[in-house]
>>> print(open('model12.txt').read())   # compact mmCIF, C-alpha atoms and all ligand atoms
# COMPACT_ATOMS: atom_id res chain seq x y z
CA MET A 30 16.94 20.38 19.70
CA ARG A 31 17.26 16.74 20.90
CA VAL A 32 14.54 14.40 19.66
CA LEU A 33 14.08 10.84 20.87
CA ILE A 34 12.03 8.46 18.76
CA LEU A 35 10.63 5.50 20.64
CA GLY A 36 10.06 2.70 18.15
CA ALA A 37 11.91 1.90 14.92
CA GLY A 38 8.83 0.92 12.92
CA LEU A 39 8.05 2.54 9.59
CA THR A 40 6.58 5.64 11.26
CA GLY A 41 9.49 6.09 13.70
CA CYS A 42 12.09 5.62 10.95
CA THR A 43 10.27 8.02 8.61
CA LEU A 44 10.11 10.75 11.25
CA ALA A 45 13.71 10.08 12.24
CA ARG A 46 14.76 10.63 8.60
CA LEU A 47 12.59 13.74 8.11
CA MET A 48 13.77 15.37 11.33
CA LYS A 49 17.42 14.49 10.79
CA ASN A 50 17.14 16.12 7.33
CA LYS A 51 16.01 19.27 9.15
CA ASN A 52 19.09 19.15 11.39
CA TYR A 53 17.42 18.03 14.60
CA VAL A 54 19.60 15.84 16.82
CA VAL A 55 17.72 12.58 16.47
CA SER A 56 18.17 9.20 18.12
CA ILE A 57 16.00 6.08 18.29
CA LYS A 58 15.28 3.47 20.95
CA GLU A 59 13.49 0.28 19.97
CA LYS A 60 12.19 -2.20 22.48
CA GLN A 61 12.49 -5.23 20.21
CA ASN A 62 15.74 -6.79 18.98
CA HIS A 63 15.23 -5.58 15.42
CA ILE A 64 14.15 -2.51 13.48
CA GLY A 65 11.03 -2.32 11.30
CA GLY A 66 8.20 -3.07 13.71
CA LEU A 67 5.69 -5.09 11.69
CA CYS A 68 7.56 -4.30 8.45
CA TYR A 69 10.24 -6.91 9.06
CA THR A 70 11.88 -9.20 6.53
CA LYS A 71 14.06 -12.20 7.35
CA THR A 72 15.56 -15.11 5.44
CA SER A 73 14.10 -18.52 6.32
CA PRO A 74 16.30 -21.58 6.96
CA ASN A 75 15.38 -22.77 3.44
CA GLY A 76 16.68 -19.51 1.96
CA ILE A 77 13.42 -17.65 1.29
CA LEU A 78 12.83 -13.97 2.09
CA TYR A 79 9.75 -13.83 4.31
CA GLU A 80 8.00 -11.60 6.86
CA PRO A 81 7.44 -13.00 10.36
CA TYR A 82 4.53 -10.56 10.94
CA GLY A 83 2.62 -11.10 7.69
CA GLY A 84 3.33 -10.20 4.06
CA HIS A 85 3.29 -6.48 3.27
CA THR A 86 2.69 -4.97 -0.17
CA PHE A 87 3.65 -1.32 -0.39
CA HIS A 88 1.20 0.77 -2.39
CA THR A 89 0.56 4.45 -3.00
CA LYS A 90 -0.79 6.91 -5.54
CA ASP A 91 1.11 9.77 -3.98
CA THR A 92 4.29 10.76 -5.88
CA ARG A 93 5.70 12.42 -2.76
CA ILE A 94 5.60 9.08 -0.93
CA LYS A 95 6.83 7.07 -3.90
CA ASN A 96 9.84 9.39 -4.29
CA PHE A 97 10.53 9.22 -0.57
CA VAL A 98 10.65 5.41 -0.40
CA LEU A 99 12.64 5.04 -3.63
CA GLN A 100 15.55 6.85 -1.96
CA PHE A 101 16.12 3.81 0.24
CA SER A 102 15.47 0.81 -1.98
CA ASP A 103 14.33 -0.37 -5.37
CA PHE A 104 10.92 -1.96 -5.27
CA ASN A 105 9.88 -5.04 -7.24
CA ASN A 106 6.77 -4.56 -9.35
CA TYR A 107 4.65 -7.11 -7.51
CA ILE A 108 0.96 -6.24 -7.82
CA HIS A 109 -1.05 -7.62 -4.93
CA ARG A 110 -3.74 -10.07 -6.05
CA LYS A 111 -5.78 -12.22 -3.72
CA GLY A 112 -7.90 -15.32 -3.94
CA ILE A 113 -10.61 -16.48 -1.57
CA TYR A 114 -11.92 -19.96 -0.84
CA ILE A 115 -15.72 -20.14 -0.66
CA ASN A 116 -17.31 -23.56 -0.23
CA GLY A 117 -14.08 -25.24 -1.35
CA ILE A 118 -13.77 -23.26 -4.60
CA LEU A 119 -11.02 -20.70 -5.15
CA ARG A 120 -12.46 -17.36 -6.35
CA HIS A 121 -10.96 -13.98 -7.15
CA PHE A 122 -11.01 -11.42 -4.31
CA PRO A 123 -12.49 -8.83 -3.99
CA LEU A 124 -15.62 -10.59 -5.18
CA SER A 125 -17.19 -8.81 -8.13
CA LYS A 126 -20.35 -9.33 -10.16
CA GLU A 127 -18.17 -11.16 -12.72
CA THR A 128 -17.35 -13.84 -10.12
CA ILE A 129 -20.80 -13.91 -8.56
CA HIS A 130 -22.31 -14.89 -11.94
CA LYS A 131 -20.37 -18.17 -11.65
CA MET A 132 -21.50 -18.90 -8.09
CA GLU A 133 -24.41 -20.85 -6.62
CA LYS A 134 -27.42 -18.67 -5.75
CA SER A 135 -26.01 -16.00 -8.08
CA GLU A 136 -29.46 -14.67 -9.04
CA GLN A 137 -30.45 -14.15 -5.41
CA ILE A 138 -27.09 -12.51 -4.58
CA LEU A 139 -27.25 -10.18 -7.58
CA GLN A 140 -30.84 -9.24 -6.80
CA GLU A 141 -29.86 -8.33 -3.23
CA ILE A 142 -27.00 -6.22 -4.58
CA GLU A 143 -29.39 -4.57 -7.04
CA GLU A 144 -31.79 -3.74 -4.19
CA ARG A 145 -29.20 -2.39 -1.78
CA PRO A 146 -29.79 1.12 -0.43
CA GLU A 147 -28.17 4.03 -2.22
CA ILE A 148 -26.53 5.21 0.99
CA PRO A 149 -24.83 2.41 2.98
CA ASP A 150 -26.08 1.84 6.53
CA LEU A 151 -23.27 3.12 8.77
CA THR A 152 -24.81 1.92 12.06
CA ASN A 153 -22.15 -0.77 12.52
CA PHE A 154 -19.85 -3.14 10.62
CA GLU A 155 -22.64 -5.68 10.03
CA THR A 156 -25.29 -3.23 8.80
CA TYR A 157 -22.69 -1.65 6.51
CA ALA A 158 -21.60 -4.99 5.03
CA ILE A 159 -25.19 -6.14 4.46
CA SER A 160 -26.14 -2.84 2.87
CA GLN A 161 -23.19 -3.20 0.46
CA PHE A 162 -23.28 -6.95 -0.32
CA GLY A 163 -26.73 -8.23 0.71
CA ASN A 164 -27.61 -10.87 3.27
CA THR A 165 -26.63 -13.98 1.28
CA LEU A 166 -23.03 -12.93 0.58
CA TYR A 167 -22.70 -11.56 4.10
CA LYS A 168 -23.66 -14.95 5.57
CA LEU A 169 -21.56 -16.86 3.05
CA PHE A 170 -18.19 -15.33 3.82
CA ILE A 171 -18.16 -11.88 5.43
CA TYR A 172 -19.66 -12.86 8.77
CA ASN A 173 -17.30 -15.85 9.32
CA TYR A 174 -14.26 -13.95 8.20
CA SER A 175 -14.99 -10.90 10.34
CA LYS A 176 -15.95 -12.82 13.49
CA LYS A 177 -12.75 -14.89 13.26
CA MET A 178 -10.63 -11.88 12.37
CA TRP A 179 -11.84 -9.56 15.15
CA GLY A 180 -12.94 -12.01 17.84
CA VAL A 181 -16.18 -10.07 18.40
CA GLU A 182 -19.58 -10.04 16.72
CA PRO A 183 -19.37 -7.79 13.61
CA ARG A 184 -22.34 -5.75 14.91
CA GLU A 185 -20.15 -4.67 17.88
CA LEU A 186 -17.66 -3.06 15.50
CA THR A 187 -17.98 0.41 14.05
CA THR A 188 -17.55 0.97 10.30
CA LYS A 189 -14.17 2.65 10.81
CA TYR A 190 -12.12 -0.27 9.40
CA ILE A 191 -14.47 -1.68 6.77
CA ARG A 192 -15.49 1.62 5.14
CA ASN A 193 -13.65 2.20 1.86
CA ARG A 194 -11.92 -1.20 2.15
CA ILE A 195 -14.39 -3.36 0.27
CA GLU A 196 -16.91 -2.43 -2.36
CA MET A 197 -18.76 -4.33 -5.05
CA LYS A 198 -17.40 -3.83 -8.57
CA ASP A 199 -18.70 -5.14 -11.90
CA SER A 200 -15.51 -6.96 -12.85
CA ASN A 201 -12.50 -8.45 -11.08
CA THR A 202 -9.92 -5.94 -9.92
CA GLN A 203 -6.68 -5.86 -7.94
CA ILE A 204 -6.84 -5.27 -4.21
CA PHE A 205 -5.18 -1.84 -4.46
CA ASP A 206 -5.81 0.53 -7.36
CA ASP A 207 -2.52 2.38 -6.74
CA ASP A 208 -0.09 2.62 -9.65
CA PHE A 209 2.97 2.27 -7.40
CA GLN A 210 3.01 -1.18 -5.81
CA GLY A 211 5.64 -3.65 -4.76
CA LEU A 212 8.04 -4.78 -2.07
CA PRO A 213 11.58 -3.54 -1.43
CA VAL A 214 13.76 -5.93 -3.42
CA LYS A 215 15.88 -6.96 -0.42
CA GLY A 216 13.03 -6.67 2.06
CA TYR A 217 11.72 -4.09 4.55
CA THR A 218 14.55 -4.45 7.08
CA GLU A 219 17.19 -3.45 4.54
CA PHE A 220 14.95 -0.63 3.25
CA LEU A 221 14.52 0.82 6.75
CA ARG A 222 18.17 0.26 7.64
CA ASN A 223 19.04 2.47 4.66
CA MET A 224 16.47 5.06 5.77
CA ILE A 225 18.11 5.50 9.20
CA HIS A 226 21.73 4.63 8.26
CA ASP A 227 23.19 7.77 9.93
CA ILE A 228 20.90 7.91 12.99
CA PRO A 229 21.98 6.40 16.35
CA ILE A 230 19.74 3.57 17.46
CA GLU A 231 19.62 1.38 20.53
CA LEU A 232 17.72 -1.91 20.35
CA ASN A 233 16.14 -3.97 23.16
CA THR A 234 15.28 -0.96 25.28
CA SER A 235 12.45 1.42 26.01
CA LYS A 236 14.17 3.15 28.94
CA TYR A 237 14.97 6.85 28.58
CA ASP A 238 15.77 9.91 30.64
CA GLU A 239 12.98 12.36 29.83
CA SER A 240 14.96 15.37 30.99
CA PHE A 241 17.64 14.75 28.35
CA TYR A 242 15.30 15.29 25.37
CA ASN A 243 13.30 18.26 24.11
CA LEU A 244 10.79 16.06 22.29
CA ILE A 245 9.85 12.38 22.49
CA LEU A 246 7.95 10.81 19.62
CA PHE A 247 6.21 7.77 20.99
CA SER A 248 5.15 4.93 18.68
CA GLY A 249 4.06 2.56 21.44
CA ARG A 250 0.66 2.00 23.03
CA LEU A 251 -0.80 4.98 24.87
CA ASP A 252 -2.57 2.81 27.45
CA ALA A 253 0.82 1.30 28.40
CA LEU A 254 2.42 4.77 28.53
CA PHE A 255 -0.17 5.82 31.11
CA LYS A 256 0.04 2.51 33.02
CA PHE A 257 -3.50 1.60 31.91
CA LYS A 258 -5.06 4.17 34.22
CA PHE A 259 -8.26 4.45 32.15
CA GLY A 260 -8.29 0.79 31.04
CA ILE A 261 -6.80 -1.49 28.38
CA LEU A 262 -7.01 -0.67 24.67
CA GLN A 263 -7.82 -3.85 22.78
CA PHE A 264 -5.86 -5.06 19.78
CA ARG A 265 -6.14 -8.17 17.67
CA SER A 266 -3.02 -10.18 16.98
CA LEU A 267 -1.97 -13.01 14.67
CA ARG A 268 -0.15 -16.30 15.20
CA PHE A 269 1.82 -17.76 12.32
CA ASP A 270 2.42 -21.31 11.12
CA TYR A 271 4.67 -22.24 8.21
CA ARG A 272 4.66 -24.99 5.64
CA GLU A 273 7.59 -25.57 3.33
CA ASN A 274 7.21 -26.53 -0.30
CA GLU A 275 3.44 -26.89 -0.13
CA ASN A 276 1.41 -26.84 -3.32
CA TRP A 277 0.08 -23.33 -4.18
CA GLU A 278 -3.13 -23.29 -6.14
CA ASN A 279 -2.75 -20.25 -8.36
CA LYS A 280 0.45 -18.32 -9.09
CA ASN A 281 -1.53 -15.11 -9.75
CA TYR A 282 -2.32 -14.82 -6.06
CA GLY A 283 0.19 -13.77 -3.39
CA SER A 284 -2.34 -14.50 -0.68
CA ILE A 285 -5.55 -16.46 -0.28
CA ASN A 286 -8.32 -15.69 2.22
CA LEU A 287 -9.76 -18.63 4.14
CA PRO A 288 -13.05 -17.35 5.62
CA GLN A 289 -14.51 -20.80 6.32
CA HIS A 290 -11.37 -22.39 7.77
CA THR A 291 -11.80 -23.31 11.43
CA LYS A 292 -8.51 -21.67 12.45
CA TYR A 293 -6.70 -19.68 9.79
CA ILE A 294 -7.82 -16.42 8.21
CA ARG A 295 -5.44 -16.39 5.22
CA LYS A 296 -2.27 -17.85 3.79
CA ILE A 297 0.64 -16.08 2.10
CA ASN A 298 3.15 -17.22 -0.50
CA PHE A 299 6.39 -15.25 -0.09
CA ASN A 300 7.92 -16.56 -3.32
CA ILE A 301 5.22 -14.76 -5.24
CA MET A 302 5.34 -11.52 -3.24
CA TYR A 303 9.15 -11.29 -3.32
CA GLN A 304 9.31 -12.77 -6.85
CA GLN A 305 11.87 -15.32 -5.72
CA LYS A 306 12.93 -17.73 -8.41
CA THR A 307 13.56 -20.96 -6.54
CA ASP A 308 12.04 -24.43 -6.47
CA ARG A 309 11.61 -24.17 -2.67
CA SER A 310 8.76 -22.24 -1.07
CA LEU A 311 7.44 -21.02 2.26
CA ILE A 312 3.73 -20.64 2.92
CA GLN A 313 2.62 -18.66 5.98
CA TYR A 314 -0.73 -19.44 7.63
CA GLN A 315 -2.20 -16.68 9.79
CA GLU A 316 -4.44 -17.35 12.78
CA PRO A 317 -6.16 -14.37 14.49
CA ILE A 318 -5.68 -14.46 18.26
CA THR A 319 -6.34 -12.30 21.30
CA PHE A 320 -3.50 -9.88 21.98
CA ASP A 321 -1.56 -10.45 25.19
CA ASP A 322 2.02 -10.11 26.50
CA ARG A 323 3.24 -13.06 24.42
CA ASN A 324 2.38 -11.55 21.02
CA LEU A 325 2.27 -8.20 19.23
CA PRO A 326 -0.59 -5.68 19.12
CA MET A 327 -1.54 -5.66 15.42
CA TYR A 328 -5.01 -4.38 14.62
CA PRO A 329 -6.91 -1.83 16.75
CA ILE A 330 -10.36 -3.28 17.47
CA TYR A 331 -12.74 -0.49 16.56
CA THR A 332 -15.58 -0.92 19.01
CA LYS A 333 -17.27 2.22 20.31
CA GLN A 334 -15.81 1.51 23.75
CA ASN A 335 -12.21 1.26 22.46
CA ILE A 336 -12.55 4.41 20.38
CA GLU A 337 -13.83 6.36 23.39
CA LEU A 338 -11.10 4.93 25.61
CA PHE A 339 -8.41 5.91 23.13
CA ASP A 340 -9.81 9.43 23.05
CA ARG A 341 -9.31 9.75 26.82
CA TYR A 342 -5.67 8.73 26.43
CA LEU A 343 -5.24 11.13 23.53
CA ILE A 344 -6.55 14.03 25.61
CA GLU A 345 -4.15 12.98 28.38
CA VAL A 346 -1.05 12.79 26.18
CA CYS A 347 -1.81 16.19 24.66
CA LYS A 348 -1.21 17.70 28.11
CA SER A 349 2.45 16.73 27.80
CA ASP A 350 4.83 19.36 26.40
CA LYS A 351 7.25 16.64 25.34
CA ILE A 352 5.61 13.38 24.43
CA ILE A 353 3.85 13.14 21.06
CA PRO A 354 2.04 9.95 19.99
CA ILE A 355 2.83 8.66 16.50
CA GLY A 356 2.12 5.66 14.27
CA ARG A 357 -0.49 2.96 14.35
CA LEU A 358 -0.02 2.12 18.05
CA GLY A 359 0.36 5.65 19.40
CA LEU A 360 -2.63 6.86 17.39
CA TYR A 361 -4.69 3.65 17.61
CA LYS A 362 -5.34 3.68 13.90
CA TYR A 363 -4.96 0.99 11.27
CA LEU A 364 -2.55 2.54 8.78
CA GLU A 365 -1.40 1.05 5.53
CA MET A 366 2.31 1.75 4.98
CA GLY A 367 1.70 4.57 2.49
CA GLN A 368 -0.75 6.15 4.94
CA ALA A 369 1.75 5.74 7.81
CA ILE A 370 4.37 7.68 5.84
CA SER A 371 1.88 10.30 4.70
CA LEU A 372 0.62 10.82 8.28
CA ALA A 373 4.22 11.11 9.54
CA MET A 374 4.94 13.74 6.88
CA ASN A 375 1.73 15.63 7.62
CA MET A 376 2.41 15.54 11.36
CA LEU A 377 5.80 17.19 11.06
CA PRO A 378 4.54 20.83 11.34
CA LEU A 379 2.49 19.88 14.41
CA ILE A 380 5.51 18.15 15.98
CA GLU A 381 7.70 21.21 15.36
CA ASN A 382 5.09 23.52 16.94
CA TRP A 383 3.96 21.16 19.72
CA LYS A 384 5.52 23.11 22.59
CA LYS A 385 3.92 26.38 21.50
CA LEU A 386 0.39 24.95 21.36
CA SER A 387 -2.15 24.44 24.11
CA PRO A 388 -3.28 20.86 24.93
CA LYS A 389 -6.65 21.66 23.34
CA VAL A 390 -5.12 22.78 20.06
CA ARG A 391 -2.74 19.78 19.97
CA TYR A 392 -5.71 17.45 20.43
CA PHE A 393 -7.76 19.26 17.80
CA GLU A 394 -4.90 19.17 15.27
CA LEU A 395 -4.26 15.47 15.87
CA LYS A 396 -7.95 14.65 15.42
CA LYS A 397 -7.93 16.61 12.18
CA LEU A 398 -4.95 14.63 10.88
CA LEU A 399 -6.52 11.33 11.95
CA LYS A 400 -9.68 12.02 9.96
CA ASN A 401 -7.87 11.57 6.64
C1 LIG A 501 -0.69 -8.55 9.41
C2 LIG A 501 -0.53 -7.18 8.81
C3 LIG A 501 -0.32 -7.07 7.44
C4 LIG A 501 -0.16 -5.81 6.87
N1 LIG A 501 -0.01 -5.73 5.51
C5 LIG A 501 0.12 -4.52 4.93
C6 LIG A 501 0.23 -4.41 3.52
O1 LIG A 501 0.21 -5.40 2.79
N2 LIG A 501 0.37 -3.17 3.00
C7 LIG A 501 0.40 -2.03 3.78
O2 LIG A 501 0.55 -0.94 3.23
N3 LIG A 501 0.29 -2.11 5.13
C8 LIG A 501 0.15 -3.33 5.71
N4 LIG A 501 0.05 -3.41 7.09
C9 LIG A 501 0.18 -2.18 7.90
C10 LIG A 501 1.67 -1.92 8.32
O3 LIG A 501 2.11 -2.98 9.11
C11 LIG A 501 1.74 -0.58 9.06
O4 LIG A 501 1.48 0.45 8.15
C12 LIG A 501 3.10 -0.29 9.70
O5 LIG A 501 3.51 -1.34 10.51
C13 LIG A 501 3.02 1.00 10.50
O6 LIG A 501 4.25 1.22 11.14
P1 LIG A 501 4.35 1.90 12.57
O7 LIG A 501 5.76 2.32 12.72
O8 LIG A 501 3.29 2.92 12.72
O9 LIG A 501 4.01 0.74 13.61
P2 LIG A 501 4.84 -0.54 14.04
O10 LIG A 501 5.28 -1.31 12.84
O11 LIG A 501 4.02 -1.30 15.02
O12 LIG A 501 6.12 0.02 14.79
C14 LIG A 501 6.08 0.44 16.14
C15 LIG A 501 7.45 0.13 16.74
O13 LIG A 501 7.54 0.72 18.03
C16 LIG A 501 8.15 -0.21 18.92
N5 LIG A 501 7.74 0.16 20.27
C17 LIG A 501 6.49 0.08 20.82
N6 LIG A 501 6.51 0.55 22.08
C18 LIG A 501 7.79 0.97 22.33
C19 LIG A 501 8.41 1.55 23.46
N7 LIG A 501 7.72 1.82 24.58
N8 LIG A 501 9.73 1.82 23.38
C20 LIG A 501 10.45 1.53 22.26
N9 LIG A 501 9.89 0.98 21.16
C21 LIG A 501 8.57 0.72 21.20
C22 LIG A 501 7.62 -1.54 18.43
O14 LIG A 501 8.42 -2.61 18.89
C23 LIG A 501 7.69 -1.36 16.92
O15 LIG A 501 8.97 -1.68 16.44
C24 LIG A 501 -0.18 -4.64 7.68
C25 LIG A 501 -0.41 -4.77 9.05
C26 LIG A 501 -0.62 -6.02 9.62
C27 LIG A 501 -0.91 -6.13 11.08
>>> encode(input="model12.txt", output="structure tokens", more="lines below")
Ligand SMILES: Cc1cc2nc3c(=O)[nH]c(=O)nc-3n(C[C@H](O)[C@H](O)[C@H](O)COP(=O)(O)OP(=O)(O)OC[C@H]3O[C@@H](n4cnc5c(N)ncnc54)[C@H](O)[C@@H]3O)c2cc1C
Amino acid sequence: MRVLILGAGLTGCTLARLMKNKNYVVSIKEKQNHIGGLCYTKTSPNGILYEPYGGHTFHTKDTRIKNFVLQFSDFNNYIHRKGIYINGILRHFPLSKETIHKMEKSEQILQEIEERPEIPDLTNFETYAISQFGNTLYKLFIYNYSKKMWGVEPRELTTKYIRNRIEMKDSNTQIFDDDFQGLPVKGYTEFLRNMIHDIPIELNTSKYDESFYNLILFSGRLDALFKFKFGILQFRSLRFDYRENENWENKNYGSINLPQHTKYIRKINFNIMYQQKTDRSLIQYQEPITFDDRNLPMYPIYTKQNIELFDRYLIEVCKSDKIIPIGRLGLYKYLEMGQAISLAMNMLPLIENWKKLSPKVRYFELKKLLKN
């Protein structure tokens, strides 16, 4: 059976590897001039490993995923820790009661947290955040950060992204509580190159002859696949600026959130994330921008309208006996890397049975997988 994978991001490469291991005849086409999608590592002119699409920390609790990725690279033991600037003072992120005790208006903030409802208000992003953190903290940093990040009022967003991402703890913790964390020691490009070392790949193209393949796994945007016939699915993108050898406030933090900055949302220090021992450095500043043809679709914007629109495209693609949507673009879902691999692994039985199933069952099975 001939399988074409469109897109050499983490999801495409994972499925290419899994299907090749099961003796399918697999090939890949990638529309960009490099593999990896957003998981892309380069070396800067001043000799620093960095990621042009934002720093990525791999993390998982799942031994199956850990064992899978370790076949293709060693990982450094970087544990992701973040800071956040609030009113000019660098604090630990996520904010916890331990940090709040040291802040202005701490009594009011802690009282609001004490009085929060037992069950968070899931009406929208804003009601959820206020019901978790109280009004004062929400106004202090969550509102600014979210408005800048998503380009829409937080009340227009559903809770799909924010739920399970931030919660109030008693003491300071790491961002991810997974025991396996780190970055591939030579970067994501090398890691993915090893993953697909024996699989034919063509870069700079998205053209294909449908009749030549039995299955096509599509990790691009579904609205583009269907020539936007129901409308445009919105994504948020980022623009990146770099500063060399700039002072970095605290070596414990690989990244620092900037909720009150007029332009940037966060900054990243690649020396810390890649544990590079050099006296030079490269700091990346990230500015959220509207997605258009000049940049990459990065974050699905979870408004009710976008979620409903995506569902129409999903129903449409399930009518195809050949084309199966995969990955964060094809499935319009923000996926951490561990989740992207896990979803790819869990989708494999559906992919292998796709032709035998009715459009309704395909849709139902995909929705079931997307719930996790
Ligand atoms: C700024 C940012 C930071 C992140 N940080 C982390 C982190 O720290 N930890 C973490 O676990 N996750 C992180 N993630 C999530 C991570 O990037 C995703 O898990 C990962 O990129 C998912 O891979 P994918 O293959 O599904 O999608 P992608 O990486 O987008 O790959 C899709 C590929 O398909 C190609 N393509 C699209 N359309 C076509 C077409 N028609 N024909 C051919 N090719 C096509 C694209 O060019 C791309 O190469 C971050 C995401 C962002 C946006």
>>> residues_near_ligand(input="model12.txt", ligand="ligand LIG 501 (chain A)", cutoff="8 Å", atoms="only C-alpha atoms and all ligand atoms", output="PyMOL selection string")
chain A and resi 34-42+58-61+63-68+82-88+233-236+247-250+253-254+266-267+326-328+355-359+363-369
>>> closest_residue(input="model12.txt", among="A:Asn324, A:Thr307, A:Gln140, A:Thr70", to="Phe264 (chain A)", atoms="all atoms listed in the file")
A:Asn324
>>> residues_near_point(input="model12.txt", point="(17.6, 10.9, 13.5)", cutoff="9 Å", atoms="all atoms listed in the file", output="NGL selection string")
:A and (32-34 or 42 or 44-50 or 52-57 or 225 or 227-230)
>>> atom_distance(input="model12.txt", atom1="CA of Met197 (chain A)", atom2="CA of Leu139 (chain A)")
10.6 Å
>>> atom_distance(input="model12.txt", atom1="CA of Gln315 (chain A)", atom2="CA of Thr202 (chain A)")
23.7 Å
>>> residues_around(input="model12.txt", residues="region 376-389 of chain A", least_positions_apart="5", cutoff="7 Å", atoms="only C-alpha atoms", output="list in words")
Cys347, Lys348 and Asp350 of chain A
>>> atom_distance(input="model12.txt", atom1="CA of Thr156 (chain A)", atom2="CA of His109 (chain A)")
28.2 Å
